[in-house]
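Enquirer: So here's data.pdb (PDB, C-alpha atoms and all ligand atoms).
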ATOM      1  CA  MET A   1      30.304 -11.502 -15.036
ATOM      2  CA  SER A   2      28.647 -10.073 -18.089
ATOM      3  CA  ILE A   3      29.660  -6.533 -18.957
ATOM      4  CA  ALA A   4      26.099  -5.581 -19.860
ATOM      5  CA  ALA A   5      24.738  -6.798 -16.550
ATOM      6  CA  SER A   6      27.446  -4.921 -14.703
ATOM      7  CA  LEU A   7      26.983  -1.646 -16.507
ATOM      8  CA  ARG A   8      23.276  -1.690 -15.901
ATOM      9  CA  ASN A   9      23.742  -1.425 -12.179
ATOM     10  CA  LEU A  10      27.151   0.128 -11.885
ATOM     11  CA  LEU A  11      26.434   3.769 -12.608
ATOM     12  CA  THR A  12      26.514   4.873  -9.005
ATOM     13  CA  ALA A  13      27.907   1.690  -7.559
ATOM     14  CA  ALA A  14      30.322   1.852  -4.688
ATOM     15  CA  VAL A  15      30.727  -1.894  -4.594
ATOM     16  CA  LEU A  16      29.580  -4.494  -7.061
ATOM     17  CA  VAL A  17      29.070  -7.687  -5.241
ATOM     18  CA  ALA A  18      30.697 -10.946  -6.047
ATOM     19  CA  ALA A  19      33.053 -12.186  -8.670
ATOM     20  CA  THR A  20      30.684 -14.959  -9.539
ATOM     21  CA  PRO A  21      29.719 -16.307 -12.938
ATOM     22  CA  ALA A  22      26.652 -14.769 -14.505
ATOM     23  CA  PHE A  23      24.835 -18.083 -14.863
ATOM     24  CA  ALA A  24      23.306 -18.698 -11.484
ATOM     25  CA  THR A  25      21.204 -21.576 -12.714
ATOM     26  CA  GLU A  26      24.320 -23.608 -13.522
ATOM     27  CA  SER A  27      25.402 -23.473  -9.918
ATOM     28  CA  PRO A  28      22.643 -24.399  -7.452
ATOM     29  CA  ASP A  29      24.835 -23.469  -4.471
ATOM     30  CA  LEU A  30      25.543 -19.997  -5.734
ATOM     31  CA  ALA A  31      24.456 -17.623  -2.992
ATOM     32  CA  VAL A  32      25.201 -14.287  -4.541
ATOM     33  CA  HIS A  33      23.317 -12.917  -7.459
ATOM     34  CA  PRO A  34      25.836 -11.142  -9.681
ATOM     35  CA  ASP A  35      23.464  -8.261 -10.440
ATOM     36  CA  LEU A  36      22.712  -7.332  -6.837
ATOM     37  CA  ALA A  37      24.781  -4.173  -6.482
ATOM     38  CA  VAL A  38      25.463  -2.390  -3.210
ATOM     39  CA  HIS A  39      25.315   1.400  -3.531
ATOM     40  CA  LYS A  40      26.364   3.621  -0.637
ATOM     41  CA  VAL A  41      23.667   6.271  -0.137
ATOM     42  CA  ALA A  42      24.905   7.996   3.034
ATOM     43  CA  GLU A  43      27.139   7.067   5.948
ATOM     44  CA  ASN A  44      26.064   3.529   6.996
ATOM     45  CA  VAL A  45      23.125   3.591   4.582
ATOM     46  CA  TYR A  46      22.995   1.393   1.484
ATOM     47  CA  ALA A  47      20.759   0.498  -1.420
ATOM     48  CA  LEU A  48      20.943  -3.071  -2.731
ATOM     49  CA  VAL A  49      19.863  -2.727  -6.314
ATOM     50  CA  GLY A  50      18.540  -5.784  -8.119
ATOM     51  CA  PRO A  51      17.657  -6.067 -11.798
ATOM     52  CA  LEU A  52      14.697  -4.203 -13.279
ATOM     53  CA  GLU A  53      13.249  -7.138 -15.186
ATOM     54  CA  GLN A  54      10.854  -9.938 -14.270
ATOM     55  CA  ARG A  55      11.662 -12.560 -11.629
ATOM     56  CA  SER A  56      13.866 -15.317 -13.054
ATOM     57  CA  PRO A  57      15.945 -18.315 -11.968
ATOM     58  CA  ALA A  58      18.991 -16.070 -12.300
ATOM     59  CA  ASN A  59      17.732 -13.286 -10.023
ATOM     60  CA  LEU A  60      16.078 -15.546  -7.411
ATOM     61  CA  GLY A  61      13.086 -13.194  -7.199
ATOM     62  CA  ASN A  62      15.285 -10.262  -6.138
ATOM     63  CA  ASN A  63      14.131  -8.055  -9.026
ATOM     64  CA  ALA A  64      13.777  -5.068  -6.717
ATOM     65  CA  THR A  65      15.740  -2.624  -4.604
ATOM     66  CA  PHE A  66      16.363  -3.335  -0.922
ATOM     67  CA  GLY A  67      17.748  -1.064   1.779
ATOM     68  CA  ALA A  68      20.189  -1.478   4.627
ATOM     69  CA  VAL A  69      21.210   0.659   7.592
ATOM     70  CA  VAL A  70      24.271  -0.439   9.516
ATOM     71  CA  THR A  71      23.836   0.426  13.203
ATOM     72  CA  ASP A  72      25.835  -0.322  16.331
ATOM     73  CA  ALA A  73      23.205  -3.011  17.059
ATOM     74  CA  GLY A  74      23.194  -4.893  13.770
ATOM     75  CA  VAL A  75      21.887  -4.223  10.295
ATOM     76  CA  ILE A  76      18.366  -2.996   9.653
ATOM     77  CA  LEU A  77      17.267  -4.591   6.380
ATOM     78  CA  ILE A  78      14.427  -3.009   4.451
ATOM     79  CA  ASP A  79      12.685  -5.896   2.658
ATOM     80  CA  SER A  80      13.906  -9.445   2.802
ATOM     81  CA  GLY A  81      14.075 -10.674  -0.808
ATOM     82  CA  GLY A  82      12.033 -12.841  -3.159
ATOM     83  CA  SER A  83      13.040 -16.266  -1.817
ATOM     84  CA  ALA A  84      15.205 -17.923   0.838
ATOM     85  CA  ARG A  85      18.075 -17.991  -1.646
ATOM     86  CA  GLY A  86      17.333 -14.396  -2.507
ATOM     87  CA  ALA A  87      17.621 -13.563   1.202
ATOM     88  CA  GLN A  88      20.940 -15.403   1.293
ATOM     89  CA  ALA A  89      22.104 -13.322  -1.672
ATOM     90  CA  ILE A  90      21.152 -10.146   0.190
ATOM     91  CA  GLU A  91      23.052 -11.334   3.240
ATOM     92  CA  ALA A  92      26.122 -12.048   1.110
ATOM     93  CA  ALA A  93      25.873  -8.620  -0.488
ATOM     94  CA  LEU A  94      25.728  -7.005   2.955
ATOM     95  CA  ALA A  95      28.850  -8.891   3.980
ATOM     96  CA  SER A  96      30.760  -6.769   1.480
ATOM     97  CA  VAL A  97      30.120  -3.665   3.616
ATOM     98  CA  THR A  98      29.730  -4.865   7.206
ATOM     99  CA  ASP A  99      30.469  -7.735   9.586
ATOM    100  CA  GLN A 100      27.223  -7.029  11.470
ATOM    101  CA  PRO A 101      24.351  -9.517  11.141
ATOM    102  CA  VAL A 102      20.830  -8.513  10.150
ATOM    103  CA  SER A 103      19.073  -7.801  13.451
ATOM    104  CA  VAL A 104      15.887  -6.157  12.147
ATOM    105  CA  VAL A 105      13.883  -6.702   8.955
ATOM    106  CA  ILE A 106      11.163  -4.276   7.885
ATOM    107  CA  ASN A 107       8.697  -5.307   5.171
ATOM    108  CA  THR A 108       7.496  -2.215   3.319
ATOM    109  CA  GLY A 109       4.584  -4.013   1.672
ATOM    110  CA  GLY A 110       2.879  -7.188   0.602
ATOM    111  CA  GLN A 111       4.626  -7.972  -2.657
ATOM    112  CA  ASP A 112       6.705 -11.164  -2.705
ATOM    113  CA  HIS A 113      10.176  -9.609  -2.839
ATOM    114  CA  ARG A 114       9.338  -7.483   0.218
ATOM    115  CA  TRP A 115       8.886 -10.484   2.530
ATOM    116  CA  PHE A 116       9.614 -13.943   1.062
ATOM    117  CA  GLY A 117      13.029 -13.885   2.777
ATOM    118  CA  ASN A 118      11.534 -13.277   6.254
ATOM    119  CA  ALA A 119      11.871 -16.861   7.489
ATOM    120  CA  TYR A 120      15.544 -16.915   6.494
ATOM    121  CA  PHE A 121      16.389 -13.933   8.698
ATOM    122  CA  LYS A 122      13.935 -14.902  11.456
ATOM    123  CA  ALA A 123      15.731 -18.229  11.837
ATOM    124  CA  LYS A 124      18.878 -16.214  12.553
ATOM    125  CA  GLY A 125      17.145 -14.226  15.276
ATOM    126  CA  ALA A 126      16.093 -11.076  13.441
ATOM    127  CA  ARG A 127      13.069  -9.024  14.494
ATOM    128  CA  ILE A 128      10.566  -8.659  11.655
ATOM    129  CA  ILE A 129       8.273  -5.608  11.464
ATOM    130  CA  ALA A 130       5.504  -4.706   9.004
ATOM    131  CA  SER A 131       2.241  -2.790   8.893
ATOM    132  CA  GLU A 132      -0.936  -4.632   9.845
ATOM    133  CA  ALA A 133      -2.283  -3.976   6.359
ATOM    134  CA  ALA A 134       0.840  -5.467   4.768
ATOM    135  CA  VAL A 135       0.516  -8.619   6.869
ATOM    136  CA  ALA A 136      -3.176  -8.879   5.941
ATOM    137  CA  ASP A 137      -2.252  -8.574   2.257
ATOM    138  CA  GLN A 138       0.566 -11.122   2.619
ATOM    139  CA  THR A 139      -1.823 -13.520   4.332
ATOM    140  CA  GLU A 140      -4.406 -13.111   1.599
ATOM    141  CA  ARG A 141      -2.128 -13.266  -1.430
ATOM    142  CA  GLY A 142       0.871 -15.223  -0.151
ATOM    143  CA  ASP A 143       0.046 -18.650  -1.558
ATOM    144  CA  GLY A 144      -0.861 -17.221  -4.945
ATOM    145  CA  GLN A 145       2.296 -15.144  -5.062
ATOM    146  CA  PHE A 146       4.374 -18.170  -4.087
ATOM    147  CA  ALA A 147       2.866 -20.235  -6.919
ATOM    148  CA  VAL A 148       3.765 -17.509  -9.418
ATOM    149  CA  MET A 149       7.247 -17.166  -7.959
ATOM    150  CA  ARG A 150       7.815 -20.917  -8.280
ATOM    151  CA  THR A 151       6.777 -20.760 -11.925
ATOM    152  CA  LEU A 152       9.090 -17.834 -12.634
ATOM    153  CA  ILE A 153      12.239 -18.772 -10.682
ATOM    154  CA  GLY A 154      11.836 -22.548 -10.652
ATOM    155  CA  GLU A 155      11.924 -25.265  -8.024
ATOM    156  CA  ASP A 156      15.631 -24.637  -7.358
ATOM    157  CA  GLY A 157      14.931 -20.947  -6.959
ATOM    158  CA  VAL A 158      12.244 -21.352  -4.298
ATOM    159  CA  ALA A 159      14.088 -24.156  -2.476
ATOM    160  CA  GLY A 160      13.997 -23.550   1.273
ATOM    161  CA  THR A 161      11.481 -20.730   1.043
ATOM    162  CA  THR A 162       8.702 -20.729   3.630
ATOM    163  CA  LEU A 163       6.267 -17.865   4.024
ATOM    164  CA  SER A 164       6.480 -16.075   7.342
ATOM    165  CA  HIS A 165       4.735 -12.876   8.395
ATOM    166  CA  ALA A 166       6.083 -10.178  10.672
ATOM    167  CA  PRO A 167       5.359 -10.917  14.354
ATOM    168  CA  GLU A 168       5.634  -7.166  15.123
ATOM    169  CA  THR A 169       3.058  -4.964  13.444
ATOM    170  CA  PHE A 170       1.857  -1.372  13.512
ATOM    171  CA  ALA A 171      -1.342   0.269  12.262
ATOM    172  CA  ASP A 172      -0.327   3.681  10.917
ATOM    173  CA  ALA A 173       3.058   4.663  12.298
ATOM    174  CA  LEU A 174       5.873   3.349  14.437
ATOM    175  CA  GLU A 175       9.050   4.943  15.760
ATOM    176  CA  VAL A 176      11.900   2.558  16.439
ATOM    177  CA  THR A 177      15.391   3.143  17.740
ATOM    178  CA  ILE A 178      17.959   0.461  16.917
ATOM    179  CA  GLY A 179      21.277   1.117  18.624
ATOM    180  CA  SER A 180      21.603   4.862  18.155
ATOM    181  CA  THR A 181      19.691   4.942  14.835
ATOM    182  CA  ARG A 182      16.202   6.445  14.772
ATOM    183  CA  LEU A 183      13.613   5.213  12.279
ATOM    184  CA  GLU A 184      10.073   6.183  11.489
ATOM    185  CA  LEU A 185       7.763   3.726   9.737
ATOM    186  CA  ARG A 186       4.572   4.997   8.205
ATOM    187  CA  LYS A 187       1.846   3.050   6.464
ATOM    188  CA  VAL A 188       0.587   5.249   3.637
ATOM    189  CA  GLY A 189      -0.852   2.788   1.115
ATOM    190  CA  PRO A 190      -2.801   1.452  -0.644
ATOM    191  CA  ALA A 191      -0.292   2.250  -3.383
ATOM    192  CA  HIS A 192       1.234  -0.638  -5.353
ATOM    193  CA  THR A 193      -0.072  -2.909  -2.578
ATOM    194  CA  PRO A 194      -2.608  -2.280   0.213
ATOM    195  CA  GLY A 195      -0.110  -2.140   3.096
ATOM    196  CA  ASP A 196       2.667  -0.084   1.509
ATOM    197  CA  SER A 197       4.807   1.766   4.033
ATOM    198  CA  PHE A 198       7.930   3.871   3.932
ATOM    199  CA  VAL A 199      10.893   3.969   6.280
ATOM    200  CA  TRP A 200      12.300   7.387   7.149
ATOM    201  CA  LEU A 201      15.667   8.105   8.720
ATOM    202  CA  PRO A 202      15.160  11.629  10.068
ATOM    203  CA  ASP A 203      18.806  12.191  10.967
ATOM    204  CA  GLN A 204      20.158  11.183   7.543
ATOM    205  CA  ARG A 205      17.067  12.427   5.651
ATOM    206  CA  VAL A 206      16.899   9.153   3.729
ATOM    207  CA  VAL A 207      13.594   7.534   2.819
ATOM    208  CA  PHE A 208      13.170   3.892   1.793
ATOM    209  CA  THR A 209       9.956   3.845  -0.194
ATOM    210  CA  GLY A 210       9.314   0.207  -1.039
ATOM    211  CA  ASP A 211       6.936  -0.140  -3.972
ATOM    212  CA  ILE A 212       5.609   3.415  -3.615
ATOM    213  CA  VAL A 213       8.473   4.675  -5.796
ATOM    214  CA  TYR A 214       9.838   3.123  -8.970
ATOM    215  CA  VAL A 215      12.633   4.739 -10.969
ATOM    216  CA  ASP A 216      14.545   3.533 -14.039
ATOM    217  CA  ARG A 217      11.677   1.156 -14.873
ATOM    218  CA  MET A 218       7.956   1.637 -15.393
ATOM    219  CA  LEU A 219       5.932   1.017 -12.248
ATOM    220  CA  GLY A 220       3.336  -1.747 -12.230
ATOM    221  CA  VAL A 221      -0.348  -1.258 -11.482
ATOM    222  CA  GLY A 222      -1.951  -4.540 -10.458
ATOM    223  CA  PRO A 223      -5.380  -5.642  -9.218
ATOM    224  CA  GLN A 224      -4.076  -5.043  -5.677
ATOM    225  CA  SER A 225      -2.991  -1.466  -6.489
ATOM    226  CA  ASP A 226      -4.841   1.832  -6.063
ATOM    227  CA  SER A 227      -3.552   4.556  -8.358
ATOM    228  CA  ARG A 228      -5.529   7.316  -6.600
ATOM    229  CA  THR A 229      -4.285   6.693  -3.058
ATOM    230  CA  TRP A 230      -0.843   5.845  -4.501
ATOM    231  CA  LEU A 231      -0.521   9.549  -5.321
ATOM    232  CA  GLU A 232      -1.432  10.435  -1.733
ATOM    233  CA  ALA A 233       1.226   8.014  -0.492
ATOM    234  CA  PHE A 234       3.730   9.650  -2.801
ATOM    235  CA  ALA A 235       2.785  13.099  -1.487
ATOM    236  CA  ALA A 236       3.514  11.955   2.069
ATOM    237  CA  ILE A 237       7.018  10.997   0.962
ATOM    238  CA  ALA A 238       7.551  14.258  -0.912
ATOM    239  CA  ALA A 239       6.484  16.205   2.188
ATOM    240  CA  LEU A 240       9.514  14.812   4.003
ATOM    241  CA  LYS A 241      11.803  16.668   1.579
ATOM    242  CA  PRO A 242      14.224  13.730   1.601
ATOM    243  CA  ALA A 243      17.866  14.216   0.680
ATOM    244  CA  HIS A 244      17.976  10.666  -0.707
ATOM    245  CA  VAL A 245      15.286   8.343  -2.000
ATOM    246  CA  VAL A 246      15.912   4.596  -1.988
ATOM    247  CA  PRO A 247      13.110   3.356  -4.246
ATOM    248  CA  GLY A 248      11.497  -0.056  -4.372
ATOM    249  CA  HIS A 249      12.796  -0.525  -7.894
ATOM    250  CA  GLY A 250      15.763   1.193  -9.524
ATOM    251  CA  ARG A 251      18.819   3.011  -8.253
ATOM    252  CA  ALA A 252      18.957   5.287  -5.238
ATOM    253  CA  THR A 253      18.077   8.773  -6.358
ATOM    254  CA  ASP A 254      16.607  12.150  -5.440
ATOM    255  CA  LEU A 255      13.018  13.293  -5.089
ATOM    256  CA  ALA A 256      12.999  14.962  -8.510
ATOM    257  CA  GLN A 257      13.549  11.698 -10.402
ATOM    258  CA  ALA A 258      10.993   9.947  -8.214
ATOM    259  CA  GLU A 259       8.496  12.684  -9.096
ATOM    260  CA  ARG A 260       9.201  12.419 -12.822
ATOM    261  CA  GLU A 261       9.080   8.642 -13.062
ATOM    262  CA  THR A 262       6.468   7.652 -10.466
ATOM    263  CA  ARG A 263       4.234  10.621  -9.557
ATOM    264  CA  ASP A 264       4.104  12.173 -13.024
ATOM    265  CA  TYR A 265       3.472   8.806 -14.676
ATOM    266  CA  LEU A 266       0.539   8.055 -12.371
ATOM    267  CA  ILE A 267      -0.911  11.521 -13.003
ATOM    268  CA  HIS A 268      -0.464  11.085 -16.761
ATOM    269  CA  LEU A 269      -2.040   7.642 -16.798
ATOM    270  CA  ARG A 270      -5.039   8.719 -14.732
ATOM    271  CA  ALA A 271      -5.602  11.791 -16.917
ATOM    272  CA  LYS A 272      -5.437   9.797 -20.153
ATOM    273  CA  VAL A 273      -7.602   6.955 -18.880
ATOM    274  CA  GLY A 274      -9.997   9.467 -17.306
ATOM    275  CA  ALA A 275     -10.450  11.063 -20.730
ATOM    276  CA  VAL A 276     -11.303   7.667 -22.228
ATOM    277  CA  LEU A 277     -13.939   7.169 -19.528
ATOM    278  CA  GLU A 278     -15.356  10.663 -20.102
ATOM    279  CA  ALA A 279     -15.706   9.853 -23.793
ATOM    280  CA  GLY A 280     -17.491   6.590 -23.033
ATOM    281  CA  GLY A 281     -14.546   4.513 -24.234
ATOM    282  CA  ASP A 282     -13.906   0.935 -23.195
ATOM    283  CA  GLU A 283     -10.998  -1.025 -21.749
ATOM    284  CA  THR A 284      -9.492  -1.636 -25.183
ATOM    285  CA  ALA A 285      -9.416   2.099 -25.852
ATOM    286  CA  ALA A 286      -7.846   2.638 -22.439
ATOM    287  CA  ALA A 287      -5.063   0.168 -23.194
ATOM    288  CA  SER A 288      -4.055   2.237 -26.209
ATOM    289  CA  VAL A 289      -3.693   5.636 -24.505
ATOM    290  CA  ASP A 290      -0.537   7.539 -25.360
ATOM    291  CA  GLN A 291       2.224   6.738 -22.849
ATOM    292  CA  ALA A 292       5.145   7.568 -25.150
ATOM    293  CA  ALA A 293       6.489  10.215 -22.765
ATOM    294  CA  PHE A 294       7.477   7.341 -20.469
ATOM    295  CA  SER A 295       8.729   4.870 -23.079
ATOM    296  CA  HIS A 296      12.334   5.356 -21.936
ATOM    297  CA  LEU A 297      11.553   3.467 -18.742
ATOM    298  CA  ALA A 298      12.553  -0.201 -18.626
ATOM    299  CA  VAL A 299       9.787  -2.811 -19.102
ATOM    300  CA  PHE A 300       7.587  -0.216 -20.866
ATOM    301  CA  ASP A 301       6.684  -2.702 -23.616
ATOM    302  CA  GLU A 302       5.751  -5.433 -21.173
ATOM    303  CA  ILE A 303       3.691  -3.399 -18.758
ATOM    304  CA  SER A 304       2.318  -0.091 -20.081
ATOM    305  CA  ARG A 305      -0.883  -1.361 -21.736
ATOM    306  CA  ARG A 306      -1.744  -3.555 -18.785
ATOM    307  CA  ASN A 307      -1.238  -0.590 -16.435
ATOM    308  CA  ALA A 308      -3.725   1.473 -18.413
ATOM    309  CA  GLN A 309      -6.308  -1.334 -18.377
ATOM    310  CA  GLN A 310      -5.887  -1.752 -14.648
ATOM    311  CA  VAL A 311      -6.318   1.977 -14.004
ATOM    312  CA  PHE A 312      -9.405   1.927 -16.256
ATOM    313  CA  MET A 313     -10.992  -0.880 -14.248
ATOM    314  CA  GLN A 314     -10.347   1.001 -11.025
ATOM    315  CA  MET A 315     -11.455   4.429 -12.227
ATOM    316  CA  GLU A 316     -14.751   3.014 -13.460
ATOM    317  CA  TRP A 317     -15.663   2.637  -9.784
ATOM    318  CA  GLU A 318     -14.282   5.905  -8.432
TER     319      GLU A 318
HETATM  320 ZN    ZN A 401       8.021  -4.481  -6.267
END
Before anything else, please render the file you have as structure tokens.
Expert:
Amino acid sequence: MSIAASLRNLLTAAVLVAATPAFATESPDLAVHPDLAVHKVAENVYALVGPLEQRSPANLGNNATFGAVVTDAGVILIDSGGSARGAQAIEAALASVTDQPVSVVINTGGQDHRWFGNAYFKAKGARIIASEAAVADQTERGDGQFAVMRTLIGEDGVAGTTLSHAPETFADALEVTIGSTRLELRKVGPAHTPGDSFVWLPDQRVVFTGDIVYVDRMLGVGPQSDSRTWLEAFAAIAALKPAHVVPGHGRATDLAQAERETRDYLIHLRAKVGAVLEAGGDETAAASVDQAAFSHLAVFDEISRRNAQQVFMQMEWE
């Protein structure tokens, strides 16, 4: 395992999964991605932290953070991974902390790594739950997302992956009890995607945010995103006063870091782009707004200008 890859994810790691070689592409049967680290967040609550960078053959599309709650009736998995092999890697990572199988999968949104592993866990008998809006988004964008995923992680990477939507859906909110664990699901998007939801554990005061919260890396604003309602979704999470935040990207953290790196960035971007609009500037001017205060976040160089352009195109119509 590469030292650099380990250090990146190890800062708060309780367990680093798998003594496997770092070159997943050399071993088609390799189930465990070496960068998928399991961090203990609270008793029986874990964050599975994937790499911050783009999807690749090495990360199997698992370039995100997933959540797990071990109950006396199986594991509740928050988001199922970016491919069937990605789902298998998640399952292998979970095996380092529990013997329980995944009995429930919750998709927090419509982006590929939130749901491309559904069929893998469904075939093993898991319940799959998502918001109606997330399923609508998955239905609309699934084929396109799969084509991009295939390009990025390769034919080997997507092998065995079939797209499968949650059979159990909810409109705005759902309370579920699994074993003796209580969960609240709330659809609060559009944020990064139209159906973004969070999962709240009221007893442990842990929130799994999906793509509503990014830390450690710069968040992405896409054509499917809405930066204005994203801030409202964030406010709903902040109102919970969570003790722990398991973000959709980055390491498990507290609300303060989530505010600095997601909320404050969105506010900054909208203010800067809003000023360009006020001044009659165009999309090119918007792309060049000053975002230096957030340049410490990973993937800044790849994504910051595109984010500003995307926010510009949206704010033109607000
Ligand atoms: Zn994501």
Enquirer: At a cut-off of 8 Å around the point (9.0, 3.1, 13.6) (file coordinates), what residues fall inside when counting all atoms listed in the file? I'd like the answer as a ChimeraX atom specification.
Expert: /A:173-177,183-186,199
Enquirer: Report as a VMD selection string the residues that result from applying the PyMOL selection byres (((chain A and resi 190) around 10) and not hetatm) to the structure here.
Expert: chain A and resid 109 133 to 134 187 to 189 191 to 197 212 224 to 233
Enquirer: Any residue with an atom at most 12 Å from ligand ZN 401 (chain A) counts, using all atoms listed in the file. Which are they? Put them as a PyMOL selection string.
Expert: chain A and resi 49-55+61-66+79-82+107-115+191-193+196+209-215+217-222+225+247-250
Enquirer: Work out how far CA of Ala258 (chain A) is from CA of Ala293 (chain A), in Å to one decimal.
Expert: 15.2 Å
Enquirer: Point out the residue among A:Arg305, A:Arg260, A:Arg127, A:His165 with the least atom-to-atom distance to Glu283 (chain A), counting all atoms listed in the file.
Expert: A:Arg305
Enquirer: Nearest to Ala271 (chain A): which of A:Ala236, A:Val245, A:Ala308, A:Leu201 is it, counting only C-alpha atoms?
Expert: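 Of A:Ala236, A:Val245, A:Ala308, A:Leu201, the one nearest Ala271 (chain A), counting only C-alpha atoms, is A:Ala308.
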